[in-house]
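Structure, as structure tokens:
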Amino acid sequence: MFGRRFRNLIIGKQNYIESWLDYKNAVLRGNLLMLSIFVGAVYLLADWANDITGNELYYFSAILIGVIALYLNRLGKHKLSSISFMLLINLLVFLFASNDQYRSGVYIFFVVTAMSSIAIFGHRYKYWAFAFVCLSIALFFISYWGGISIQPKRNYSEAYINLNFAINFLIAMLSVIAQLYFLIAINTKTEKEIMAKNELLAKTNTELDRFVYSASHDLRAPLRSLLGLIEVTQKTTSPDEIQECLMMMKDRVHNMDLFIKEIIDFSRNARQALRYEPINVRAMVQEVINDLKFAEGMEQIYVRLDISSDFTILTDKSRLSVVLHNLIGNAFKYHDPQKENQEVTVKVTGDNEYARIEISDNGIGIAPEHQEKIFEMFYRASEQSNGSGLGLYIVRETITKLKGGIQVSSTPGLGSAFAITLPKG
């Protein structure tokens, strides 16, 4: 939490960030600006502690310009912020180096400024980086051998000179270490993201191969069946046979429509952005049940709701609807017609962070050897299943998209229970 707030402080709203490279440079620039403000304060306090006066204006100027550059960074004016910051540190280092008659180590900061210009501007603004590297080198030679001194020469005690040397060394070393650490951390994070994307790409390619094979089969099978039924209808004159063929055609078309709907749900979940809104869970569950309850053969199933009327979560409405339609629909579809009392229960509980939605039934259940595979693409666990095998796969992928989890427990002949865990907001 603190890290996120600190990043927001130094780079502002990320709407201004055009790319990952811009974000990286904005964070690095902000860190260096905060470091420069801190350094100005350290030198100011060190002078005050040693009763040294005359440099306050430079320190306050460094702090002020650092604050202005930090503000420009927050506004998204990254190039202007970088230029102003690099001019600031180069001129300040030159100001003190030109008067460093005691060789207290100020010159080492030209290495820091040159390295900072490369880190801040990067490859995108490589000409600006090169220009500031040249500026740092030129200012070093001018201050070291040029005999130019903007400030009047001063005499300092040996203790103060030693203190300044130690401070200069430590700050220069910490600045370089901080830049290297940040760049290494960024590269490590980038490598992890690339590896994760490669794994996702491999998973997507595998699923695409399976999808093309199974989808083509599941679409062609009912089409072939329809062609066969049409031929039978054309050859018969019996009204009963024609009516039976029409009913079978209707069933095939209905299955194709469900399959196409599942493909659309799969595509939407993969591509559409999340749209969060407050959802009354009881109202949504009741809406889903009303959609499913009056299908043929489902009238005898008793539905029990254990949901508070005001239970609300902040989530994506369309995705939650897809999940509930699939799970409650399966609870209805795989009921046990041999049982006198056929029930489906939807129970919702939760705490301040998570909601738990449990959908249980006393249907035919799922065999243990199938329970680990039912969320795979196109997997059918029951001979009674006439679906595509996409439903539970879509459920798992959708819940993952919502940053939730799902668990299943089932006993053949007794029923099944699916438990969903979702963030409440």
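Going through the structure tokens in order, the chains are called A, B, and so on, while each chain numbers its residues from 1 and the ligands are numbered from 1 in the order shown.
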
- Task: With a distance cut-off of 7 Å and only C-alpha atoms, select the neighbouring residues of Ile108 (chain A), excluding the residue or stretch itself and same-chain residues fewer than 3 positions from it, and output the selection as number ranges by chain.
- Result: A: 105, 111, 172

Residues as selected, C-alpha atoms, written as an mmCIF file, in the first residue's frame, can you do that?
data_model
loop_
_atom_site.group_PDB
_atom_site.id
_atom_site.type_symbol
_atom_site.label_atom_id
_atom_site.label_comp_id
_atom_site.auth_asym_id
_atom_site.auth_seq_id
_atom_site.Cartn_x
_atom_site.Cartn_y
_atom_site.Cartn_z
ATOM 1 C CA GLY A 105 34.953 14.656 -3.841
ATOM 2 C CA VAL A 111 29.666 10.507 -12.940
ATOM 3 C CA ALA A 172 27.279 9.483 -4.853
#

- Would you list the contacts of Ile118 (chain A) as JSON, numbers by chain, taking every protein, DNA or RNA residue within 10 Å and counting only C-alpha atoms, but skipping same-chain residues closer than 2 positions in sequence? {"A": [113, 114, 115, 116, 120, 121, 122, 123, 125, 126, 127, 128, 129, 130, 131, 132, 133]}

Residue subset to file, keeping N, CA and C atoms, as a JSON list (two decimals), in the first residue's frame:
[["chain", "number", "residue", "atom", "x", "y", "z"],
["A", 113, "THR", "N", 25.69, 12.33, -12.53],
["A", 113, "THR", "CA", 24.82, 13.07, -13.45],
["A", 113, "THR", "C", 24.82, 12.43, -14.84],
["A", 114, "ALA", "N", 25.99, 12.01, -15.31],
["A", 114, "ALA", "CA", 26.05, 11.36, -16.62],
["A", 114, "ALA", "C", 25.25, 10.06, -16.64],
["A", 115, "MET", "N", 25.40, 9.27, -15.59],
["A", 115, "MET", "CA", 24.65, 8.02, -15.50],
["A", 115, "MET", "C", 23.15, 8.29, -15.39],
["A", 116, "SER", "N", 22.78, 9.33, -14.64],
["A", 116, "SER", "CA", 21.37, 9.67, -14.47],
["A", 116, "SER", "C", 20.73, 10.08, -15.78],
["A", 120, "ILE", "N", 17.51, 8.25, -17.19],
["A", 120, "ILE", "CA", 16.25, 8.99, -17.25],
["A", 120, "ILE", "C", 15.72, 9.10, -18.68],
["A", 121, "PHE", "N", 16.59, 9.48, -19.62],
["A", 121, "PHE", "CA", 16.13, 9.68, -20.99],
["A", 121, "PHE", "C", 16.00, 8.35, -21.74],
["A", 122, "GLY", "N", 16.92, 7.42, -21.45],
["A", 122, "GLY", "CA", 16.83, 6.12, -22.10],
["A", 122, "GLY", "C", 17.02, 6.18, -23.60],
["A", 123, "HIS", "N", 16.64, 5.08, -24.26],
["A", 123, "HIS", "CA", 16.85, 4.99, -25.71],
["A", 123, "HIS", "C", 15.89, 5.89, -26.48],
["A", 125, "TYR", "N", 14.89, 8.94, -25.91],
["A", 125, "TYR", "CA", 15.45, 10.29, -26.07],
["A", 125, "TYR", "C", 16.99, 10.21, -25.95],
["A", 126, "LYS", "N", 17.56, 9.31, -26.74],
["A", 126, "LYS", "CA", 19.00, 9.04, -26.61],
["A", 126, "LYS", "C", 19.84, 10.27, -26.96],
["A", 127, "TYR", "N", 19.35, 11.14, -27.84],
["A", 127, "TYR", "CA", 20.13, 12.33, -28.20],
["A", 127, "TYR", "C", 20.20, 13.32, -27.02],
["A", 128, "TRP", "N", 19.09, 13.43, -26.28],
["A", 128, "TRP", "CA", 19.11, 14.26, -25.07],
["A", 128, "TRP", "C", 20.06, 13.64, -24.04],
["A", 129, "ALA", "N", 20.01, 12.32, -23.89],
["A", 129, "ALA", "CA", 20.91, 11.64, -22.95],
["A", 129, "ALA", "C", 22.37, 11.90, -23.32],
["A", 130, "PHE", "N", 22.68, 11.76, -24.61],
["A", 130, "PHE", "CA", 24.05, 11.98, -25.08],
["A", 130, "PHE", "C", 24.48, 13.43, -24.85],
["A", 131, "ALA", "N", 23.55, 14.36, -25.09],
["A", 131, "ALA", "CA", 23.87, 15.78, -24.90],
["A", 131, "ALA", "C", 24.21, 16.08, -23.44],
["A", 132, "PHE", "N", 23.46, 15.52, -22.51],
["A", 132, "PHE", "CA", 23.72, 15.78, -21.09],
["A", 132, "PHE", "C", 24.96, 15.05, -20.60],
["A", 133, "VAL", "N", 25.27, 13.88, -21.18],
["A", 133, "VAL", "CA", 26.54, 13.21, -20.84],
["A", 133, "VAL", "C", 27.71, 14.11, -21.26]]

- Message: Under the rule that only C-alpha atoms are counted, which of A:Met284, A:Ile142, A:Val344, A:Ala62 is the nearest residue to Asn99 (chain A)?
- Response: A:Ile142

- Message: Can you tell me, as an NGL selection string, which residues in region 133-382 of chain A count as helix (DSSP H, G or I) by DSSP?
- Response: :A and (133-145 or 158-235 or 239-271 or 281-293 or 317-333 or 368-371)

- Message: So that I can see what lies close to Leu324 (chain A), please list as a count of residues only the residues with an atom at most 9 Å from it, counting only C-alpha atoms and leaving out residues fewer than 3 positions away in the same chain.
- Response: 11

Skip Val281 (chain A) itself and residues of its chain fewer than 3 positions away, then list as a CSV table (one decimal) with C-alpha atoms, in the first residue's frame all residues within 9 Å of it, counting only C-alpha atoms.
chain,number,residue,atom,x,y,z
A,284,MET,CA,-29.5,-11.6,-9.8
A,285,VAL,CA,-29.8,-15.2,-8.6
A,286,GLN,CA,-33.6,-14.9,-8.7
A,307,ILE,CA,-29.3,-15.1,0.6
A,308,SER,CA,-29.8,-11.8,2.4
A,309,SER,CA,-32.0,-9.4,0.5
A,310,ASP,CA,-29.4,-6.6,0.8
A,311,PHE,CA,-26.3,-8.6,0.1
A,312,THR,CA,-24.3,-6.6,-2.5
A,313,ILE,CA,-20.9,-7.0,-4.2
A,348,VAL,CA,-24.5,-16.7,-0.2
